[in-house]
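query.pdb (PDB, C-alpha atoms, pLDDT in the B column) appears below.
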```pdb
ATOM      1  CA  ALA A 229      11.323  29.845  -2.870  1.00 81.00           C
ATOM      2  CA  GLN A 230       9.055  27.152  -4.191  1.00 89.00           C
ATOM      3  CA  SER A 231       5.775  27.804  -5.991  1.00 94.00           C
ATOM      4  CA  VAL A 232       3.038  26.119  -7.974  1.00 96.00           C
ATOM      5  CA  ALA A 233       0.791  27.517 -10.680  1.00 97.00           C
ATOM      6  CA  GLN A 234      -2.504  26.006 -11.737  1.00 98.00           C
ATOM      7  CA  PRO A 235      -3.460  28.210 -14.678  1.00 96.00           C
ATOM      8  CA  GLU A 236      -7.078  27.064 -14.962  1.00 97.00           C
ATOM      9  CA  ASP A 237      -9.556  27.835 -12.201  1.00 96.00           C
ATOM     10  CA  GLN A 238     -12.194  25.686 -13.892  1.00 97.00           C
ATOM     11  CA  VAL A 239     -12.078  22.744 -16.301  1.00 98.00           C
ATOM     12  CA  ASN A 240     -15.195  21.212 -17.842  1.00 98.00           C
ATOM     13  CA  VAL A 241     -15.068  17.809 -19.529  1.00 98.00           C
ATOM     14  CA  ALA A 242     -17.767  15.584 -20.960  1.00 98.00           C
ATOM     15  CA  GLU A 243     -18.170  12.218 -19.291  1.00 98.00           C
ATOM     16  CA  GLY A 244     -16.087   9.574 -21.056  1.00 97.00           C
ATOM     17  CA  ASN A 245     -13.661  12.076 -22.560  1.00 98.00           C
ATOM     18  CA  PRO A 246     -10.018  12.350 -21.489  1.00 98.00           C
ATOM     19  CA  LEU A 247      -9.215  15.034 -18.943  1.00 97.00           C
ATOM     20  CA  THR A 248      -6.132  17.103 -18.159  1.00 98.00           C
ATOM     21  CA  VAL A 249      -5.575  19.408 -15.199  1.00 98.00           C
ATOM     22  CA  LYS A 250      -2.478  21.543 -15.610  1.00 98.00           C
ATOM     23  CA  CYS A 251       0.256  22.304 -13.096  1.00 98.00           C
ATOM     24  CA  THR A 252       3.623  24.027 -13.376  1.00 98.00           C
ATOM     25  CA  TYR A 253       6.119  24.446 -10.563  1.00 97.00           C
ATOM     26  CA  SER A 254       9.220  26.312  -9.495  1.00 95.00           C
ATOM     27  CA  VAL A 255      11.843  25.038  -7.038  1.00 91.00           C
ATOM     28  CA  SER A 256      15.553  25.545  -6.534  1.00 87.00           C
ATOM     29  CA  GLY A 257      16.452  21.874  -6.541  1.00 84.00           C
ATOM     30  CA  ASN A 258      14.743  18.772  -7.832  1.00 87.00           C
ATOM     31  CA  PRO A 259      11.012  18.694  -7.156  1.00 90.00           C
ATOM     32  CA  TYR A 260       8.840  16.270  -5.324  1.00 92.00           C
ATOM     33  CA  LEU A 261       5.355  16.708  -6.776  1.00 94.00           C
ATOM     34  CA  PHE A 262       1.944  15.728  -5.453  1.00 96.00           C
ATOM     35  CA  TRP A 263      -1.679  15.810  -6.530  1.00 97.00           C
ATOM     36  CA  TYR A 264      -4.529  15.942  -4.045  1.00 97.00           C
ATOM     37  CA  VAL A 265      -8.300  16.013  -4.546  1.00 97.00           C
ATOM     38  CA  GLN A 266     -10.812  17.773  -2.320  1.00 95.00           C
ATOM     39  CA  TYR A 267     -14.504  16.913  -2.206  1.00 90.00           C
ATOM     40  CA  PRO A 268     -17.018  19.340  -0.623  1.00 83.00           C
ATOM     41  CA  ASN A 269     -16.639  19.681   3.144  1.00 75.00           C
ATOM     42  CA  ARG A 270     -13.872  17.126   3.207  1.00 78.00           C
ATOM     43  CA  GLY A 271     -10.135  17.223   3.577  1.00 82.00           C
ATOM     44  CA  LEU A 272      -7.542  16.632   0.916  1.00 92.00           C
ATOM     45  CA  GLN A 273      -7.169  13.122  -0.401  1.00 95.00           C
ATOM     46  CA  PHE A 274      -3.827  12.013  -1.812  1.00 95.00           C
ATOM     47  CA  LEU A 275      -3.911  10.907  -5.463  1.00 96.00           C
ATOM     48  CA  LEU A 276      -0.313  10.408  -6.545  1.00 95.00           C
ATOM     49  CA  LYS A 277       3.238  11.693  -6.282  1.00 93.00           C
ATOM     50  CA  TYR A 278       6.414  11.976  -8.303  1.00 93.00           C
ATOM     51  CA  ILE A 279       9.681  11.446  -6.464  1.00 89.00           C
ATOM     52  CA  THR A 280      12.114  10.075  -9.012  1.00 85.00           C
ATOM     53  CA  GLY A 281      12.304   7.577 -11.850  1.00 85.00           C
ATOM     54  CA  ASP A 282       9.606   7.071 -14.448  1.00 89.00           C
ATOM     55  CA  ASN A 283       8.119  10.356 -15.594  1.00 92.00           C
ATOM     56  CA  LEU A 284       4.632   8.838 -15.827  1.00 95.00           C
ATOM     57  CA  VAL A 285       3.159   8.258 -12.401  1.00 95.00           C
ATOM     58  CA  LYS A 286      -0.001   6.238 -11.825  1.00 95.00           C
ATOM     59  CA  GLY A 287      -2.268   6.904  -8.863  1.00 94.00           C
ATOM     60  CA  SER A 288      -5.662   6.303  -7.350  1.00 91.00           C
ATOM     61  CA  TYR A 289      -8.996   6.163  -9.233  1.00 93.00           C
ATOM     62  CA  GLY A 290      -7.324   5.753 -12.643  1.00 95.00           C
ATOM     63  CA  PHE A 291      -5.474   9.069 -12.509  1.00 97.00           C
ATOM     64  CA  GLU A 292      -1.949   9.535 -13.766  1.00 97.00           C
ATOM     65  CA  ALA A 293       0.448  12.446 -14.069  1.00 97.00           C
ATOM     66  CA  GLU A 294       3.387  13.166 -16.300  1.00 96.00           C
ATOM     67  CA  PHE A 295       6.498  14.887 -14.979  1.00 96.00           C
ATOM     68  CA  ASN A 296       8.194  17.077 -17.581  1.00 96.00           C
ATOM     69  CA  LYS A 297      11.415  18.612 -16.269  1.00 94.00           C
ATOM     70  CA  SER A 298      12.111  20.830 -19.277  1.00 94.00           C
ATOM     71  CA  GLN A 299       8.646  22.378 -19.079  1.00 96.00           C
ATOM     72  CA  THR A 300       8.559  22.268 -15.245  1.00 96.00           C
ATOM     73  CA  SER A 301       5.123  20.722 -15.458  1.00 97.00           C
ATOM     74  CA  PHE A 302       3.219  17.933 -13.744  1.00 98.00           C
ATOM     75  CA  HIS A 303      -0.167  17.684 -15.470  1.00 98.00           C
ATOM     76  CA  LEU A 304      -2.835  15.362 -14.083  1.00 98.00           C
ATOM     77  CA  LYS A 305      -4.597  13.135 -16.594  1.00 98.00           C
ATOM     78  CA  LYS A 306      -7.253  10.480 -16.894  1.00 98.00           C
ATOM     79  CA  PRO A 307      -8.190   8.647 -20.108  1.00 97.00           C
ATOM     80  CA  SER A 308     -11.944   8.569 -19.491  1.00 97.00           C
ATOM     81  CA  ALA A 309     -13.661  10.974 -17.084  1.00 97.00           C
ATOM     82  CA  LEU A 310     -16.402   9.963 -14.670  1.00 97.00           C
ATOM     83  CA  VAL A 311     -19.041  12.249 -13.169  1.00 96.00           C
ATOM     84  CA  SER A 312     -17.685  11.235  -9.751  1.00 94.00           C
ATOM     85  CA  ASP A 313     -14.330  12.841 -10.674  1.00 96.00           C
ATOM     86  CA  SER A 314     -15.941  16.256 -10.241  1.00 96.00           C
ATOM     87  CA  ALA A 315     -14.031  17.938  -7.412  1.00 96.00           C
ATOM     88  CA  LEU A 316     -11.326  20.470  -6.576  1.00 97.00           C
ATOM     89  CA  TYR A 317      -7.800  19.395  -7.487  1.00 98.00           C
ATOM     90  CA  PHE A 318      -4.594  20.718  -5.964  1.00 98.00           C
ATOM     91  CA  CYS A 319      -1.045  20.352  -7.157  1.00 98.00           C
ATOM     92  CA  ALA A 320       1.753  20.682  -4.573  1.00 96.00           C
ATOM     93  CA  VAL A 321       5.542  20.783  -4.607  1.00 94.00           C
ATOM     94  CA  ARG A 322       8.389  20.217  -2.196  1.00 90.00           C
ATOM     95  CA  ASP A 323      12.058  21.000  -2.838  1.00 83.00           C
ATOM     96  CA  SER A 324      14.082  17.790  -2.523  1.00 78.00           C
ATOM     97  CA  ARG A 325      17.292  19.558  -1.589  1.00 73.00           C
ATOM     98  CA  ARG A 326      16.394  21.909   1.174  1.00 62.00           C
ATOM     99  CA  PHE A 327      17.099  20.167   4.445  1.00 60.00           C
ATOM    100  CA  GLY A 328      14.388  20.862   6.961  1.00 58.00           C
ATOM    101  CA  ASN A 329      11.992  22.161   4.365  1.00 61.00           C
ATOM    102  CA  GLU A 330       9.181  19.727   4.907  1.00 77.00           C
ATOM    103  CA  LYS A 331       6.279  21.918   3.926  1.00 87.00           C
ATOM    104  CA  LEU A 332       4.187  21.466   0.852  1.00 92.00           C
ATOM    105  CA  THR A 333       3.450  24.505  -1.302  1.00 94.00           C
ATOM    106  CA  PHE A 334       0.090  24.257  -3.019  1.00 97.00           C
ATOM    107  CA  GLY A 335      -1.437  25.811  -6.084  1.00 97.00           C
ATOM    108  CA  THR A 336      -4.742  27.644  -5.909  1.00 96.00           C
ATOM    109  CA  GLY A 337      -6.681  24.661  -7.159  1.00 97.00           C
ATOM    110  CA  THR A 338      -8.627  23.715 -10.283  1.00 98.00           C
ATOM    111  CA  ARG A 339     -12.311  22.887 -10.128  1.00 97.00           C
ATOM    112  CA  LEU A 340     -13.025  19.955 -12.398  1.00 97.00           C
ATOM    113  CA  THR A 341     -16.600  19.441 -13.557  1.00 97.00           C
ATOM    114  CA  ILE A 342     -17.540  16.352 -15.507  1.00 97.00           C
ATOM    115  CA  ILE A 343     -20.660  16.874 -17.573  1.00 97.00           C
ATOM    116  CA  PRO A 344     -22.954  13.857 -17.998  1.00 95.00           C
TER
ATOM    117  CA  GLY B 163      -7.015   2.063   9.990  1.00 55.00           C
ATOM    118  CA  ALA B 164      -8.314   5.424  11.105  1.00 82.00           C
ATOM    119  CA  GLY B 165      -7.231   8.524   9.299  1.00 93.00           C
ATOM    120  CA  VAL B 166      -6.338  11.921  10.674  1.00 96.00           C
ATOM    121  CA  SER B 167      -9.150  13.297  12.800  1.00 96.00           C
ATOM    122  CA  GLN B 168      -9.822  16.910  13.731  1.00 97.00           C
ATOM    123  CA  THR B 169     -12.161  18.435  16.261  1.00 97.00           C
ATOM    124  CA  PRO B 170     -14.334  20.378  16.239  1.00 97.00           C
ATOM    125  CA  SER B 171     -15.469  20.170  12.640  1.00 95.00           C
ATOM    126  CA  ASN B 172     -16.897  23.666  12.906  1.00 96.00           C
ATOM    127  CA  LYS B 173     -16.180  26.486  15.321  1.00 97.00           C
ATOM    128  CA  VAL B 174     -17.920  29.835  15.515  1.00 98.00           C
ATOM    129  CA  THR B 175     -16.442  32.430  17.843  1.00 97.00           C
ATOM    130  CA  GLU B 176     -16.499  36.141  18.431  1.00 97.00           C
ATOM    131  CA  LYS B 177     -13.700  38.530  17.628  1.00 97.00           C
ATOM    132  CA  GLY B 178     -11.225  38.682  20.479  1.00 97.00           C
ATOM    133  CA  LYS B 179     -11.947  35.218  21.867  1.00 98.00           C
ATOM    134  CA  TYR B 180      -9.504  32.349  22.308  1.00 98.00           C
ATOM    135  CA  VAL B 181      -9.906  29.077  20.385  1.00 98.00           C
ATOM    136  CA  GLU B 182      -8.249  25.679  20.389  1.00 98.00           C
ATOM    137  CA  LEU B 183      -8.302  23.281  17.459  1.00 98.00           C
ATOM    138  CA  ARG B 184      -7.329  19.658  17.935  1.00 98.00           C
ATOM    139  CA  CYS B 185      -5.663  17.176  15.604  1.00 98.00           C
ATOM    140  CA  ASP B 186      -5.263  13.443  16.149  1.00 97.00           C
ATOM    141  CA  PRO B 187      -2.791  12.023  13.599  1.00 96.00           C
ATOM    142  CA  ILE B 188      -2.659   8.572  12.092  1.00 95.00           C
ATOM    143  CA  SER B 189      -1.278   6.116  14.631  1.00 93.00           C
ATOM    144  CA  GLY B 190       2.472   5.723  14.263  1.00 89.00           C
ATOM    145  CA  HIS B 191       2.983   8.898  12.276  1.00 91.00           C
ATOM    146  CA  THR B 192       5.805  10.941  13.744  1.00 89.00           C
ATOM    147  CA  ALA B 193       5.414  14.101  11.679  1.00 91.00           C
ATOM    148  CA  LEU B 194       2.445  16.439  11.999  1.00 94.00           C
ATOM    149  CA  TYR B 195       1.600  19.547   9.999  1.00 95.00           C
ATOM    150  CA  TRP B 196      -0.887  22.386  10.242  1.00 97.00           C
ATOM    151  CA  TYR B 197      -2.115  24.277   7.197  1.00 97.00           C
ATOM    152  CA  ARG B 198      -4.697  27.012   6.726  1.00 97.00           C
ATOM    153  CA  GLN B 199      -6.993  27.181   3.716  1.00 95.00           C
ATOM    154  CA  SER B 200      -8.790  30.426   2.998  1.00 95.00           C
ATOM    155  CA  LEU B 201     -11.754  30.562   0.658  1.00 91.00           C
ATOM    156  CA  GLY B 202     -10.729  30.019  -2.943  1.00 89.00           C
ATOM    157  CA  GLN B 203      -7.112  29.333  -2.053  1.00 92.00           C
ATOM    158  CA  GLY B 204      -4.859  26.344  -1.656  1.00 94.00           C
ATOM    159  CA  PRO B 205      -3.658  25.294   1.786  1.00 96.00           C
ATOM    160  CA  GLU B 206      -0.864  27.382   3.268  1.00 96.00           C
ATOM    161  CA  PHE B 207       1.699  25.946   5.635  1.00 96.00           C
ATOM    162  CA  LEU B 208       1.631  27.046   9.264  1.00 97.00           C
ATOM    163  CA  ILE B 209       3.804  24.740  11.375  1.00 96.00           C
ATOM    164  CA  TYR B 210       5.393  21.312  11.364  1.00 92.00           C
ATOM    165  CA  PHE B 211       6.238  18.985  14.262  1.00 93.00           C
ATOM    166  CA  GLN B 212       8.729  16.177  14.371  1.00 89.00           C
ATOM    167  CA  GLY B 213       7.810  14.315  17.534  1.00 87.00           C
ATOM    168  CA  THR B 214       7.109  16.802  20.299  1.00 91.00           C
ATOM    169  CA  GLY B 215       9.108  19.693  18.936  1.00 89.00           C
ATOM    170  CA  ALA B 216       8.129  22.305  16.388  1.00 89.00           C
ATOM    171  CA  ALA B 217      10.733  21.844  13.654  1.00 86.00           C
ATOM    172  CA  ASP B 218       9.439  24.679  11.497  1.00 89.00           C
ATOM    173  CA  ASP B 219       6.970  27.357  12.587  1.00 92.00           C
ATOM    174  CA  SER B 220       7.796  29.800   9.815  1.00 91.00           C
ATOM    175  CA  GLY B 221       4.244  29.824   8.516  1.00 94.00           C
ATOM    176  CA  LEU B 222       2.568  31.065  11.695  1.00 96.00           C
ATOM    177  CA  PRO B 223       1.234  34.519  10.752  1.00 95.00           C
ATOM    178  CA  ASN B 224       1.899  36.228  14.093  1.00 94.00           C
ATOM    179  CA  ASP B 225       2.328  35.594  17.799  1.00 95.00           C
ATOM    180  CA  ARG B 226      -1.411  35.094  18.327  1.00 97.00           C
ATOM    181  CA  PHE B 227      -0.954  31.643  16.831  1.00 97.00           C
ATOM    182  CA  PHE B 228       0.685  28.844  18.775  1.00 96.00           C
ATOM    183  CA  ALA B 229       0.699  25.061  18.529  1.00 97.00           C
ATOM    184  CA  VAL B 230       1.782  22.253  20.823  1.00 96.00           C
ATOM    185  CA  ARG B 231       2.262  18.513  20.634  1.00 95.00           C
ATOM    186  CA  PRO B 232       3.276  17.580  24.187  1.00 94.00           C
ATOM    187  CA  GLU B 233       3.353  13.793  23.844  1.00 92.00           C
ATOM    188  CA  GLY B 234       4.273  13.499  20.211  1.00 89.00           C
ATOM    189  CA  SER B 235       0.814  12.465  19.094  1.00 93.00           C
ATOM    190  CA  VAL B 236      -2.189  14.786  19.440  1.00 97.00           C
ATOM    191  CA  SER B 237      -1.594  18.435  18.569  1.00 97.00           C
ATOM    192  CA  THR B 238      -3.501  21.574  19.479  1.00 98.00           C
ATOM    193  CA  LEU B 239      -3.456  24.789  17.483  1.00 98.00           C
ATOM    194  CA  LYS B 240      -4.232  27.771  19.682  1.00 98.00           C
ATOM    195  CA  ILE B 241      -5.357  31.161  18.471  1.00 98.00           C
ATOM    196  CA  GLN B 242      -5.522  34.099  20.875  1.00 97.00           C
ATOM    197  CA  ARG B 243      -7.527  37.291  20.395  1.00 97.00           C
ATOM    198  CA  THR B 244      -9.141  35.979  17.230  1.00 97.00           C
ATOM    199  CA  GLU B 245      -9.732  38.343  14.339  1.00 97.00           C
ATOM    200  CA  ARG B 246     -12.202  38.115  11.455  1.00 97.00           C
ATOM    201  CA  GLY B 247      -9.285  37.476   9.113  1.00 96.00           C
ATOM    202  CA  ASP B 248      -8.546  34.248  10.962  1.00 97.00           C
ATOM    203  CA  SER B 249     -11.691  32.723   9.472  1.00 97.00           C
ATOM    204  CA  ALA B 250     -10.591  29.769   7.349  1.00 97.00           C
ATOM    205  CA  VAL B 251     -10.433  26.002   7.269  1.00 96.00           C
ATOM    206  CA  TYR B 252      -7.568  24.710   9.395  1.00 97.00           C
ATOM    207  CA  LEU B 253      -6.158  21.457   8.077  1.00 96.00           C
ATOM    208  CA  CYS B 254      -3.957  18.992   9.878  1.00 97.00           C
ATOM    209  CA  ALA B 255      -1.806  16.376   8.156  1.00 95.00           C
ATOM    210  CA  SER B 256       0.511  13.631   9.306  1.00 94.00           C
ATOM    211  CA  SER B 257       3.181  11.507   7.699  1.00 91.00           C
ATOM    212  CA  PHE B 258       5.024   8.363   8.704  1.00 87.00           C
ATOM    213  CA  GLY B 259       8.410  10.030   8.647  1.00 73.00           C
ATOM    214  CA  THR B 260       9.979  13.339   7.965  1.00 64.00           C
ATOM    215  CA  GLY B 261      11.702  12.502   4.698  1.00 65.00           C
ATOM    216  CA  ARG B 262      10.683  14.762   1.894  1.00 63.00           C
ATOM    217  CA  ARG B 263       9.521  11.732  -0.055  1.00 74.00           C
ATOM    218  CA  GLU B 264       6.841  11.024   2.531  1.00 83.00           C
ATOM    219  CA  THR B 265       3.194  11.585   1.714  1.00 89.00           C
ATOM    220  CA  GLN B 266       1.196  13.846   3.988  1.00 92.00           C
ATOM    221  CA  TYR B 267      -2.303  12.584   4.786  1.00 94.00           C
ATOM    222  CA  PHE B 268      -4.863  15.213   5.642  1.00 95.00           C
ATOM    223  CA  GLY B 269      -7.751  15.347   8.056  1.00 95.00           C
ATOM    224  CA  PRO B 270     -11.193  16.785   7.214  1.00 94.00           C
ATOM    225  CA  GLY B 271     -10.331  20.165   8.698  1.00 95.00           C
ATOM    226  CA  THR B 272     -11.865  22.554  11.213  1.00 96.00           C
ATOM    227  CA  ARG B 273     -13.893  25.371   9.726  1.00 96.00           C
ATOM    228  CA  LEU B 274     -13.358  28.452  11.897  1.00 98.00           C
ATOM    229  CA  LEU B 275     -15.651  31.446  11.609  1.00 98.00           C
ATOM    230  CA  VAL B 276     -14.824  34.559  13.585  1.00 97.00           C
ATOM    231  CA  LEU B 277     -17.744  36.966  13.852  1.00 96.00           C
TER
END
```

Represent the supplied structure as structure tokens.
Amino acid sequence: AQSVAQPEDQVNVAEGNPLTVKCTYSVSGNPYLFWYVQYPNRGLQFLLKYITGDNLVKGSYGFEAEFNKSQTSFHLKKPSALVSDSALYFCAVRDSRRFGNEKLTFGTGTRLTIIP
Amino acid sequence: GAGVSQTPSNKVTEKGKYVELRCDPISGHTALYWYRQSLGQGPEFLIYFQGTGAADDSGLPNDRFFAVRPEGSVSTLKIQRTERGDSAVYLCASSFGTGRRETQYFGPGTRLLVL
């Protein structure tokens, strides 16, 4: 079975400071990892994904994430937070090996609040 | 181009009624997915279509839930004899292909409230 843990329900960061939203995963094979963001009353918007290669992945709106295989983590980061980054963030995983397993498994989400 | 669209955006129904939720994927996307998001939770997989056929329906909670995609484009999620526990946001996603590297793009969702 595949699973994702987002250990923090809520993260508060001052505007201009660096931010980190944590994610750890569990899969049988190699993981494909995704970050999505959800604004109020809107669907999920894709931010970035890790498939293979460089462990540091760059995505939309200045976000990046670092894949760490030994720690089974895929933390989302941004060097300087904006108030507009305030939203609900979801980490998701897919097992690369399981043929026919196309579904994404999501974490429970982390609410990020950027304080002006 | 246009993203994934879902109708209606909100649906209020009474316990025991039948509802249909519609998803229109991104043009050219062959794979389509349905997820359900309950309050305070992440989305949970329901069913996945490759073309017209349901390739994986392992996430459907019971036989009251059914989905179709007759022409390989628009999909309808159907819920019979609705229960209060069915209240959630139903999300649809599509992707260009079915490879596990593909990104799923989500619609805005249908918020279903069963009274």

| request: Report as a ChimeraX atom specification the full result of the PyMOL selection byres ((chain A) within 12 of (chain B)) when it is applied to this structure. | output: /A:231-234,237-238,258-280,316-339

Save out the residues we just selected, C-alpha atoms, as a PDB file, keeping the file's coordinate frame.
```
ATOM      1  CA  SER A 231       5.775  27.804  -5.991  1.00 94.00           C
ATOM      2  CA  VAL A 232       3.038  26.119  -7.974  1.00 96.00           C
ATOM      3  CA  ALA A 233       0.791  27.517 -10.680  1.00 97.00           C
ATOM      4  CA  GLN A 234      -2.504  26.006 -11.737  1.00 98.00           C
ATOM      5  CA  ASP A 237      -9.556  27.835 -12.201  1.00 96.00           C
ATOM      6  CA  GLN A 238     -12.194  25.686 -13.892  1.00 97.00           C
ATOM      7  CA  ASN A 258      14.743  18.772  -7.832  1.00 87.00           C
ATOM      8  CA  PRO A 259      11.012  18.694  -7.156  1.00 90.00           C
ATOM      9  CA  TYR A 260       8.840  16.270  -5.324  1.00 92.00           C
ATOM     10  CA  LEU A 261       5.355  16.708  -6.776  1.00 94.00           C
ATOM     11  CA  PHE A 262       1.944  15.728  -5.453  1.00 96.00           C
ATOM     12  CA  TRP A 263      -1.679  15.810  -6.530  1.00 97.00           C
ATOM     13  CA  TYR A 264      -4.529  15.942  -4.045  1.00 97.00           C
ATOM     14  CA  VAL A 265      -8.300  16.013  -4.546  1.00 97.00           C
ATOM     15  CA  GLN A 266     -10.812  17.773  -2.320  1.00 95.00           C
ATOM     16  CA  TYR A 267     -14.504  16.913  -2.206  1.00 90.00           C
ATOM     17  CA  PRO A 268     -17.018  19.340  -0.623  1.00 83.00           C
ATOM     18  CA  ASN A 269     -16.639  19.681   3.144  1.00 75.00           C
ATOM     19  CA  ARG A 270     -13.872  17.126   3.207  1.00 78.00           C
ATOM     20  CA  GLY A 271     -10.135  17.223   3.577  1.00 82.00           C
ATOM     21  CA  LEU A 272      -7.542  16.632   0.916  1.00 92.00           C
ATOM     22  CA  GLN A 273      -7.169  13.122  -0.401  1.00 95.00           C
ATOM     23  CA  PHE A 274      -3.827  12.013  -1.812  1.00 95.00           C
ATOM     24  CA  LEU A 275      -3.911  10.907  -5.463  1.00 96.00           C
ATOM     25  CA  LEU A 276      -0.313  10.408  -6.545  1.00 95.00           C
ATOM     26  CA  LYS A 277       3.238  11.693  -6.282  1.00 93.00           C
ATOM     27  CA  TYR A 278       6.414  11.976  -8.303  1.00 93.00           C
ATOM     28  CA  ILE A 279       9.681  11.446  -6.464  1.00 89.00           C
ATOM     29  CA  THR A 280      12.114  10.075  -9.012  1.00 85.00           C
ATOM     30  CA  LEU A 316     -11.326  20.470  -6.576  1.00 97.00           C
ATOM     31  CA  TYR A 317      -7.800  19.395  -7.487  1.00 98.00           C
ATOM     32  CA  PHE A 318      -4.594  20.718  -5.964  1.00 98.00           C
ATOM     33  CA  CYS A 319      -1.045  20.352  -7.157  1.00 98.00           C
ATOM     34  CA  ALA A 320       1.753  20.682  -4.573  1.00 96.00           C
ATOM     35  CA  VAL A 321       5.542  20.783  -4.607  1.00 94.00           C
ATOM     36  CA  ARG A 322       8.389  20.217  -2.196  1.00 90.00           C
ATOM     37  CA  ASP A 323      12.058  21.000  -2.838  1.00 83.00           C
ATOM     38  CA  SER A 324      14.082  17.790  -2.523  1.00 78.00           C
ATOM     39  CA  ARG A 325      17.292  19.558  -1.589  1.00 73.00           C
ATOM     40  CA  ARG A 326      16.394  21.909   1.174  1.00 62.00           C
ATOM     41  CA  PHE A 327      17.099  20.167   4.445  1.00 60.00           C
ATOM     42  CA  GLY A 328      14.388  20.862   6.961  1.00 58.00           C
ATOM     43  CA  ASN A 329      11.992  22.161   4.365  1.00 61.00           C
ATOM     44  CA  GLU A 330       9.181  19.727   4.907  1.00 77.00           C
ATOM     45  CA  LYS A 331       6.279  21.918   3.926  1.00 87.00           C
ATOM     46  CA  LEU A 332       4.187  21.466   0.852  1.00 92.00           C
ATOM     47  CA  THR A 333       3.450  24.505  -1.302  1.00 94.00           C
ATOM     48  CA  PHE A 334       0.090  24.257  -3.019  1.00 97.00           C
ATOM     49  CA  GLY A 335      -1.437  25.811  -6.084  1.00 97.00           C
ATOM     50  CA  THR A 336      -4.742  27.644  -5.909  1.00 96.00           C
ATOM     51  CA  GLY A 337      -6.681  24.661  -7.159  1.00 97.00           C
ATOM     52  CA  THR A 338      -8.627  23.715 -10.283  1.00 98.00           C
ATOM     53  CA  ARG A 339     -12.311  22.887 -10.128  1.00 97.00           C
TER      54      ARG A 339
END
```

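Distances to B:Tyr180 were evaluated for B:Ser257, B:Ser200, B:Ser249, B:Thr244 using all atoms listed in the file, and the minimum falls at B:Thr244.
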
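With distances taken over all atoms listed in the file, A:Asn245 is the one residue among A:Asn245, A:Ser288, A:Gln230, A:Pro235 lying closest to A:Thr341.
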
| field | Which of B:Thr238, B:Asn172, B:Pro223, B:Pro232 sits closest to B:Asp186 [using all atoms listed in the file] | value |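 Result for the nearest residue to B:Asp186: B:Thr238.
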
| message | Give me the residues near B:Val181 as a PyMOL selection string, where near means some atom within 7 Å (using all atoms listed in the file) and where sequence neighbours in that chain fewer than 3 positions away do not count. | response | chain B and resi 240-242

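In terms of minimum interatomic distance to B:Lys179, B:Arg226 ranks closest within B:Arg198, B:His191, B:Arg231, B:Arg226, counting all atoms listed in the file.
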
| request: Determine the residue set returned by the PyMOL selection byres ((chain B and resi 247) around 10) for the present structure, and present it as a ChimeraX atom specification. | output: /B:177,200,244-246,248-250,275-277
